[in-house]
Amino acid sequence: MARVLINLPAQAKRGEIIEIKTLIAHPMETGYRLGRTGVVFPRDIINGFVCTYNGEQVFRAELFPAIAANPFIAFFTVATESGEIAFSWTDDRGETQTEVRQITVE
Amino acid sequence: MNVLVLAATAAIATAAAAAEISPEDRRSGYDFAGAETRAMQDDDTANPGMLGVLQGETLWAAKAGAADKSCADCHGDARASMKGVAARYPTFEPILGRPLDLEARINRCRGEHQGAAPFAGESADLLALTAFVAYQSRGLPIALPEKPELQPFLDLGGELFHRRQGQLNLSCSQCHDDNWGKRLAGAVIPQGHPTGYPVYRLEWQSLGSLQRRLRNCMIGVRAEPYEYGAPEAVALELYLMVRARGLLIETPGVRP
């Protein structure tokens, strides 16, 4: 599916505040643009983003048509324990893309 | 808006014509961009152009066409074989007797050696593969080898750069040689060096080629833009690269 760039530290100290940056390739078609023949390009945006840390939701965002193509989402969380951080983007077609990254907490 | 354009035109018309920008004054468009835009370009995980580079890396290894060969089958590891290539394009193609830019070279290679249909001009795939190839030259100075065959095309490019065009009757040189660093309405006029192409323009929300950027500028002065691949467009690209010699390749650049 779409190409994704995720930046988070591979290792962190327990209790440390870490920044997570995500970038995903998506046209984010607003549903307001007209083609050359006057037909509206149907809306196709990523409408939801969820980040879970070992299954627990730590960040969630709703996205709307005014957001530019290839949405970049950055946020902070607290490194609590080693494990998996999962990222899911859901678009208007109902498709969900999930990426998983590992983090080691000492 | 019209008043602003007229005021800007009048200011430019009164400025004395300057010579080519001296090497120590040469600055990439990066230096004229805002802090946020520069930060976006500098961080590979925030630079949306890197999505194109990633896609290009996949295309580099993908088999295509009647020959069922990938770019990598002939050229091997792009990190070695493509290093510095973008810094010396457009280059002279003896068989055609004219210069080719990187996009045209990639498409020609596809046809000749892979037996595949060329990518459509300005398509996401062509831009991605071009960005991947040009990315291998990041940090290297632009240095086109001096070739006597290129001279007539370089002369044409220089002539086009200094020719007044369009309803606003402006040449490229009047903005980018004589008035760089000043403002055209809210935007700073850069020197017009092609350091980061294919570039991710926030206005486009995608990667785009230097030719697309040139067409933008021409529409801005209300001139008839050159078609993609037109000899004038390639000559202008060639002139711009020679004019930018010494500046570092930044691909994928991010611009406002």
# chains A, B, ... in the order shown; residues from 1 in each chain; ligands from 1
call {"tool": "interface_residues", "arguments": {"of": "chain A", "to": "chain B", "cutoff": "8 Å", "atoms": "only C-alpha atoms", "output": "VMD selection string"}}
result
chain A and resid 3 to 7 21 to 25 68 to 70 72
call {"tool": "residues_around", "arguments": {"residues": "Cys51 (chain A)", "least_positions_apart": "3", "cutoff": "9 Å", "atoms": "only C-alpha atoms", "output": "list in words"}}
result
Gly55, Glu56, Gln57, Val58, Phe59, Arg60, Ile85, Ala86, Phe87 and Ser88 of chain A
call {"tool": "write_last_selection", "arguments": {"atoms": "N, CA, C and O atoms", "output": "CSV table (one decimal), in the first residue's frame"}}
result
chain,number,residue,atom,x,y,z
A,55,GLY,N,-0.8,-2.1,22.5
A,55,GLY,CA,-2.2,-2.3,22.5
A,55,GLY,C,-3.0,-1.2,23.1
A,55,GLY,O,-4.2,-1.1,22.9
A,56,GLU,N,-2.3,-0.3,23.8
A,56,GLU,CA,-3.1,0.8,24.5
A,56,GLU,C,-3.0,2.0,23.6
A,56,GLU,O,-1.9,2.4,23.1
A,57,GLN,N,-4.2,2.6,23.3
A,57,GLN,CA,-4.2,3.8,22.5
A,57,GLN,C,-3.5,5.0,23.2
A,57,GLN,O,-3.9,5.4,24.3
A,58,VAL,N,-2.5,5.6,22.5
A,58,VAL,CA,-1.8,6.7,23.1
A,58,VAL,C,-2.0,8.0,22.3
A,58,VAL,O,-1.8,9.1,22.8
A,59,PHE,N,-2.5,7.9,21.1
A,59,PHE,CA,-2.7,9.1,20.2
A,59,PHE,C,-3.7,8.7,19.2
A,59,PHE,O,-3.7,7.6,18.6
A,60,ARG,N,-4.7,9.7,18.9
A,60,ARG,CA,-5.7,9.4,17.9
A,60,ARG,C,-5.9,10.8,17.2
A,60,ARG,O,-5.9,11.8,17.9
A,85,ILE,N,5.0,-0.4,19.0
A,85,ILE,CA,4.2,0.8,18.7
A,85,ILE,C,3.6,0.6,17.3
A,85,ILE,O,4.3,0.4,16.4
A,86,ALA,N,2.2,0.6,17.3
A,86,ALA,CA,1.5,0.4,16.0
A,86,ALA,C,0.9,1.6,15.5
A,86,ALA,O,0.3,2.4,16.3
A,87,PHE,N,0.9,1.9,14.2
A,87,PHE,CA,0.3,3.1,13.6
A,87,PHE,C,-0.7,2.6,12.6
A,87,PHE,O,-0.4,1.8,11.7
A,88,SER,N,-1.9,3.2,12.6
A,88,SER,CA,-2.9,2.8,11.6
A,88,SER,C,-3.5,4.0,11.0
A,88,SER,O,-4.0,4.9,11.7
call {"tool": "select_by_dssp", "arguments": {"residues": "region 11-231 of chain B", "states": "strand (DSSP E)", "output": "PyMOL selection string"}}
result
chain B and resi 91-93+98-100+183-184+187-188+199-201+206-208
call {"tool": "residues_around", "arguments": {"residues": "region 242-249 of chain B", "least_positions_apart": "3", "cutoff": "6 Å", "atoms": "only C-alpha atoms", "output": "list in words"}}
result
Arg138, Gly139, Leu140, Pro141, Ile142, Ala143, His193, Thr195, Gly196 and Tyr239 of chain B
call {"tool": "atom_distance", "arguments": {"atom1": "CA of His75 (chain B)", "atom2": "CA of Glu93 (chain B)"}}
result
18.5 Å
call {"tool": "atom_distance", "arguments": {"atom1": "CA of Gly48 (chain A)", "atom2": "CA of Val100 (chain A)"}}
result
16.7 Å
call {"tool": "residues_around", "arguments": {"residues": "Ile21 (chain B)", "least_positions_apart": "4", "cutoff": "9 Å", "atoms": "only C-alpha atoms", "output": "JSON, numbers by chain"}}
result
{"B": [25, 26, 177, 178, 191, 243]}
call {"tool": "closest_residue", "arguments": {"among": "A:Ala79, A:Val105, A:Ala12, A:Ala2", "to": "Ile46 (chain A)", "atoms": "only C-alpha atoms"}}
result
A:Ala2
call {"tool": "closest_residue", "arguments": {"among": "A:Val50, A:Ala61, A:Ala10, A:Val40", "to": "Arg101 (chain A)", "atoms": "only C-alpha atoms"}}
result
A:Ala10
call {"tool": "atom_distance", "arguments": {"atom1": "CA of Val234 (chain B)", "atom2": "CA of Leu100 (chain B)"}}
result
7.0 Å
call {"tool": "residues_around", "arguments": {"residues": "Gly181 (chain B)", "least_positions_apart": "6", "cutoff": "7 Å", "atoms": "only C-alpha atoms", "output": "PyMOL selection string"}}
result
chain B and resi 188-190
call {"tool": "residues_around", "arguments": {"residues": "His176 (chain B)", "least_positions_apart": "3", "cutoff": "6 Å", "atoms": "only C-alpha atoms", "output": "PyMOL selection string"}}
result
chain B and resi 173+179-180+191-192
call {"tool": "write_last_selection", "arguments": {"atoms": "N, CA, C and O atoms", "output": "compact mmCIF listing (two decimals), in the first residue's frame"}}
result
# COMPACT_ATOMS: atom_id res chain seq x y z
N SER B 173 16.03 36.79 -16.34
CA SER B 173 17.17 37.49 -15.76
C SER B 173 16.74 38.72 -14.96
O SER B 173 17.37 39.05 -13.95
N ASN B 179 17.15 41.14 -9.40
CA ASN B 179 16.31 41.49 -8.25
C ASN B 179 16.12 40.36 -7.25
O ASN B 179 15.17 40.37 -6.48
N TRP B 180 17.04 39.39 -7.23
CA TRP B 180 16.90 38.31 -6.25
C TRP B 180 17.04 38.87 -4.84
O TRP B 180 17.75 39.86 -4.63
N GLN B 191 17.26 33.07 -6.56
CA GLN B 191 18.15 33.24 -7.72
C GLN B 191 17.82 32.29 -8.86
O GLN B 191 18.37 32.42 -9.95
N GLY B 192 16.96 31.33 -8.59
CA GLY B 192 16.53 30.43 -9.66
C GLY B 192 17.54 29.36 -10.00
O GLY B 192 17.74 29.05 -11.17
call {"tool": "select_by_dssp", "arguments": {"residues": "region 10-72 of chain B", "states": "helix (DSSP H, G or I)", "output": "PDB file with N, CA, C and O atoms, in the first residue's frame"}}
result
ATOM      1  N   ALA B  10       7.366  47.948 -12.623  1.00  0.00           N
ATOM      2  CA  ALA B  10       8.011  49.253 -12.726  1.00  0.00           C
ATOM      3  C   ALA B  10       9.344  49.245 -11.987  1.00  0.00           C
ATOM      4  O   ALA B  10      10.351  49.751 -12.479  1.00  0.00           O
ATOM      5  N   ALA B  11       9.352  48.608 -10.803  1.00  0.00           N
ATOM      6  CA  ALA B  11      10.583  48.560 -10.017  1.00  0.00           C
ATOM      7  C   ALA B  11      11.666  47.810 -10.778  1.00  0.00           C
ATOM      8  O   ALA B  11      12.825  48.220 -10.799  1.00  0.00           O
ATOM      9  N   ILE B  12      11.252  46.718 -11.426  1.00  0.00           N
ATOM     10  CA  ILE B  12      12.236  45.917 -12.146  1.00  0.00           C
ATOM     11  C   ILE B  12      12.744  46.684 -13.368  1.00  0.00           C
ATOM     12  O   ILE B  12      13.923  46.668 -13.676  1.00  0.00           O
ATOM     13  N   ALA B  13      11.848  47.382 -14.032  1.00  0.00           N
ATOM     14  CA  ALA B  13      12.224  48.077 -15.256  1.00  0.00           C
ATOM     15  C   ALA B  13      13.267  49.162 -14.983  1.00  0.00           C
ATOM     16  O   ALA B  13      14.102  49.445 -15.834  1.00  0.00           O
ATOM     17  N   THR B  14      13.239  49.741 -13.780  1.00  0.00           N
ATOM     18  CA  THR B  14      14.168  50.833 -13.496  1.00  0.00           C
ATOM     19  C   THR B  14      15.520  50.320 -13.004  1.00  0.00           C
ATOM     20  O   THR B  14      16.497  51.052 -13.008  1.00  0.00           O
ATOM     21  N   PRO B  23      30.201  33.808  -8.104  1.00  0.00           N
ATOM     22  CA  PRO B  23      30.168  32.543  -7.358  1.00  0.00           C
ATOM     23  C   PRO B  23      29.961  32.736  -5.857  1.00  0.00           C
ATOM     24  O   PRO B  23      29.217  31.974  -5.231  1.00  0.00           O
ATOM     25  N   GLU B  24      30.581  33.764  -5.267  1.00  0.00           N
ATOM     26  CA  GLU B  24      30.448  33.906  -3.797  1.00  0.00           C
ATOM     27  C   GLU B  24      29.055  34.373  -3.392  1.00  0.00           C
ATOM     28  O   GLU B  24      28.659  34.216  -2.242  1.00  0.00           O
ATOM     29  N   ASP B  25      28.292  34.969  -4.330  1.00  0.00           N
ATOM     30  CA  ASP B  25      26.928  35.414  -4.024  1.00  0.00           C
ATOM     31  C   ASP B  25      25.879  34.369  -4.385  1.00  0.00           C
ATOM     32  O   ASP B  25      24.700  34.560  -4.120  1.00  0.00           O
ATOM     33  N   GLY B  29      17.843  28.159  -3.576  1.00  0.00           N
ATOM     34  CA  GLY B  29      16.508  28.553  -3.140  1.00  0.00           C
ATOM     35  C   GLY B  29      16.235  28.173  -1.692  1.00  0.00           C
ATOM     36  O   GLY B  29      15.416  28.788  -1.018  1.00  0.00           O
ATOM     37  N   TYR B  30      16.978  27.173  -1.203  1.00  0.00           N
ATOM     38  CA  TYR B  30      16.867  26.732   0.194  1.00  0.00           C
ATOM     39  C   TYR B  30      17.109  27.903   1.141  1.00  0.00           C
ATOM     40  O   TYR B  30      16.419  28.059   2.145  1.00  0.00           O
ATOM     41  N   ASP B  31      18.089  28.741   0.809  1.00  0.00           N
ATOM     42  CA  ASP B  31      18.453  29.858   1.685  1.00  0.00           C
ATOM     43  C   ASP B  31      17.380  30.943   1.722  1.00  0.00           C
ATOM     44  O   ASP B  31      17.367  31.765   2.628  1.00  0.00           O
ATOM     45  N   PHE B  32      16.500  30.941   0.734  1.00  0.00           N
ATOM     46  CA  PHE B  32      15.442  31.947   0.692  1.00  0.00           C
ATOM     47  C   PHE B  32      14.138  31.416   1.294  1.00  0.00           C
ATOM     48  O   PHE B  32      13.197  32.171   1.495  1.00  0.00           O
ATOM     49  N   ALA B  35      12.030  29.098   7.687  1.00  0.00           N
ATOM     50  CA  ALA B  35      12.665  28.155   8.614  1.00  0.00           C
ATOM     51  C   ALA B  35      11.932  26.816   8.637  1.00  0.00           C
ATOM     52  O   ALA B  35      12.554  25.751   8.689  1.00  0.00           O
ATOM     53  N   GLU B  36      10.584  26.856   8.587  1.00  0.00           N
ATOM     54  CA  GLU B  36       9.811  25.610   8.643  1.00  0.00           C
ATOM     55  C   GLU B  36      10.059  24.763   7.392  1.00  0.00           C
ATOM     56  O   GLU B  36      10.188  23.539   7.481  1.00  0.00           O
ATOM     57  N   THR B  37      10.128  25.436   6.246  1.00  0.00           N
ATOM     58  CA  THR B  37      10.351  24.707   4.997  1.00  0.00           C
ATOM     59  C   THR B  37      11.747  24.090   4.985  1.00  0.00           C
ATOM     60  O   THR B  37      11.937  22.948   4.559  1.00  0.00           O
ATOM     61  N   ARG B  38      12.722  24.842   5.488  1.00  0.00           N
ATOM     62  CA  ARG B  38      14.091  24.319   5.529  1.00  0.00           C
ATOM     63  C   ARG B  38      14.166  23.120   6.472  1.00  0.00           C
ATOM     64  O   ARG B  38      14.807  22.113   6.159  1.00  0.00           O
ATOM     65  N   ALA B  39      13.475  23.218   7.616  1.00  0.00           N
ATOM     66  CA  ALA B  39      13.495  22.120   8.582  1.00  0.00           C
ATOM     67  C   ALA B  39      12.870  20.866   7.970  1.00  0.00           C
ATOM     68  O   ALA B  39      13.320  19.749   8.205  1.00  0.00           O
ATOM     69  N   MET B  40      11.817  21.080   7.163  1.00  0.00           N
ATOM     70  CA  MET B  40      11.148  19.952   6.520  1.00  0.00           C
ATOM     71  C   MET B  40      12.094  19.249   5.549  1.00  0.00           C
ATOM     72  O   MET B  40      12.146  18.029   5.484  1.00  0.00           O
ATOM     73  N   GLN B  41      12.857  20.039   4.803  1.00  0.00           N
ATOM     74  CA  GLN B  41      13.796  19.439   3.853  1.00  0.00           C
ATOM     75  C   GLN B  41      14.921  18.704   4.576  1.00  0.00           C
ATOM     76  O   GLN B  41      15.368  17.647   4.126  1.00  0.00           O
ATOM     77  N   ASP B  42      15.372  19.264   5.696  1.00  0.00           N
ATOM     78  CA  ASP B  42      16.545  18.717   6.384  1.00  0.00           C
ATOM     79  C   ASP B  42      16.267  17.386   7.078  1.00  0.00           C
ATOM     80  O   ASP B  42      17.184  16.605   7.304  1.00  0.00           O
ATOM     81  N   GLY B  49       9.334  14.609  -0.040  1.00  0.00           N
ATOM     82  CA  GLY B  49      10.019  14.160  -1.249  1.00  0.00           C
ATOM     83  C   GLY B  49      10.659  12.793  -1.071  1.00  0.00           C
ATOM     84  O   GLY B  49      10.858  12.052  -2.037  1.00  0.00           O
ATOM     85  N   MET B  50      10.959  12.437   0.194  1.00  0.00           N
ATOM     86  CA  MET B  50      11.576  11.132   0.446  1.00  0.00           C
ATOM     87  C   MET B  50      10.613   9.981   0.142  1.00  0.00           C
ATOM     88  O   MET B  50      11.047   8.861  -0.115  1.00  0.00           O
ATOM     89  N   LEU B  51       9.306  10.254   0.178  1.00  0.00           N
ATOM     90  CA  LEU B  51       8.340   9.215  -0.215  1.00  0.00           C
ATOM     91  C   LEU B  51       8.562   8.853  -1.685  1.00  0.00           C
ATOM     92  O   LEU B  51       8.467   7.691  -2.078  1.00  0.00           O
ATOM     93  N   GLY B  52       8.860   9.875  -2.502  1.00  0.00           N
ATOM     94  CA  GLY B  52       9.169   9.646  -3.914  1.00  0.00           C
ATOM     95  C   GLY B  52      10.472   8.885  -4.083  1.00  0.00           C
ATOM     96  O   GLY B  52      10.566   7.972  -4.910  1.00  0.00           O
ATOM     97  N   VAL B  53      11.473   9.248  -3.284  1.00  0.00           N
ATOM     98  CA  VAL B  53      12.760   8.553  -3.364  1.00  0.00           C
ATOM     99  C   VAL B  53      12.578   7.070  -3.022  1.00  0.00           C
ATOM    100  O   VAL B  53      13.133   6.187  -3.687  1.00  0.00           O
ATOM    101  N   LEU B  54      11.769   6.784  -1.988  1.00  0.00           N
ATOM    102  CA  LEU B  54      11.494   5.393  -1.608  1.00  0.00           C
ATOM    103  C   LEU B  54      10.818   4.639  -2.745  1.00  0.00           C
ATOM    104  O   LEU B  54      11.158   3.497  -3.047  1.00  0.00           O
ATOM    105  N   GLN B  55       9.843   5.315  -3.379  1.00  0.00           N
ATOM    106  CA  GLN B  55       9.143   4.683  -4.502  1.00  0.00           C
ATOM    107  C   GLN B  55      10.131   4.433  -5.652  1.00  0.00           C
ATOM    108  O   GLN B  55      10.096   3.382  -6.291  1.00  0.00           O
ATOM    109  N   GLY B  56      11.024   5.387  -5.868  1.00  0.00           N
ATOM    110  CA  GLY B  56      12.031   5.252  -6.917  1.00  0.00           C
ATOM    111  C   GLY B  56      12.968   4.089  -6.659  1.00  0.00           C
ATOM    112  O   GLY B  56      13.386   3.387  -7.588  1.00  0.00           O
ATOM    113  N   GLU B  57      13.281   3.853  -5.393  1.00  0.00           N
ATOM    114  CA  GLU B  57      14.159   2.741  -5.038  1.00  0.00           C
ATOM    115  C   GLU B  57      13.510   1.414  -5.420  1.00  0.00           C
ATOM    116  O   GLU B  57      14.176   0.497  -5.911  1.00  0.00           O
ATOM    117  N   THR B  58      12.197   1.317  -5.212  1.00  0.00           N
ATOM    118  CA  THR B  58      11.470   0.109  -5.613  1.00  0.00           C
ATOM    119  C   THR B  58      11.491  -0.044  -7.129  1.00  0.00           C
ATOM    120  O   THR B  58      11.708  -1.138  -7.652  1.00  0.00           O
ATOM    121  N   LEU B  59      11.263   1.071  -7.844  1.00  0.00           N
ATOM    122  CA  LEU B  59      11.248   1.027  -9.309  1.00  0.00           C
ATOM    123  C   LEU B  59      12.615   0.640  -9.862  1.00  0.00           C
ATOM    124  O   LEU B  59      12.725  -0.038 -10.881  1.00  0.00           O
ATOM    125  N   TRP B  60      13.666   1.091  -9.192  1.00  0.00           N
ATOM    126  CA  TRP B  60      15.036   0.796  -9.621  1.00  0.00           C
ATOM    127  C   TRP B  60      15.265  -0.718  -9.675  1.00  0.00           C
ATOM    128  O   TRP B  60      15.954  -1.224 -10.545  1.00  0.00           O
ATOM    129  N   ALA B  61      14.656  -1.436  -8.741  1.00  0.00           N
ATOM    130  CA  ALA B  61      14.877  -2.879  -8.643  1.00  0.00           C
ATOM    131  C   ALA B  61      13.799  -3.684  -9.367  1.00  0.00           C
ATOM    132  O   ALA B  61      13.896  -4.906  -9.443  1.00  0.00           O
ATOM    133  N   CYS B  71      16.571  -1.637 -13.699  1.00  0.00           N
ATOM    134  CA  CYS B  71      17.691  -0.687 -13.757  1.00  0.00           C
ATOM    135  C   CYS B  71      18.908  -1.308 -13.098  1.00  0.00           C
ATOM    136  O   CYS B  71      20.033  -1.208 -13.586  1.00  0.00           O
ATOM    137  N   ALA B  72      18.655  -1.990 -11.954  1.00  0.00           N
ATOM    138  CA  ALA B  72      19.750  -2.547 -11.161  1.00  0.00           C
ATOM    139  C   ALA B  72      20.489  -3.651 -11.908  1.00  0.00           C
ATOM    140  O   ALA B  72      21.684  -3.860 -11.681  1.00  0.00           O
TER     141      ALA B  72
END
call {"tool": "residues_around", "arguments": {"residues": "Ala223 (chain B)", "least_positions_apart": "3", "cutoff": "9 Å", "atoms": "only C-alpha atoms", "output": "VMD selection string"}}
result
chain B and resid 165 to 169 217 to 220
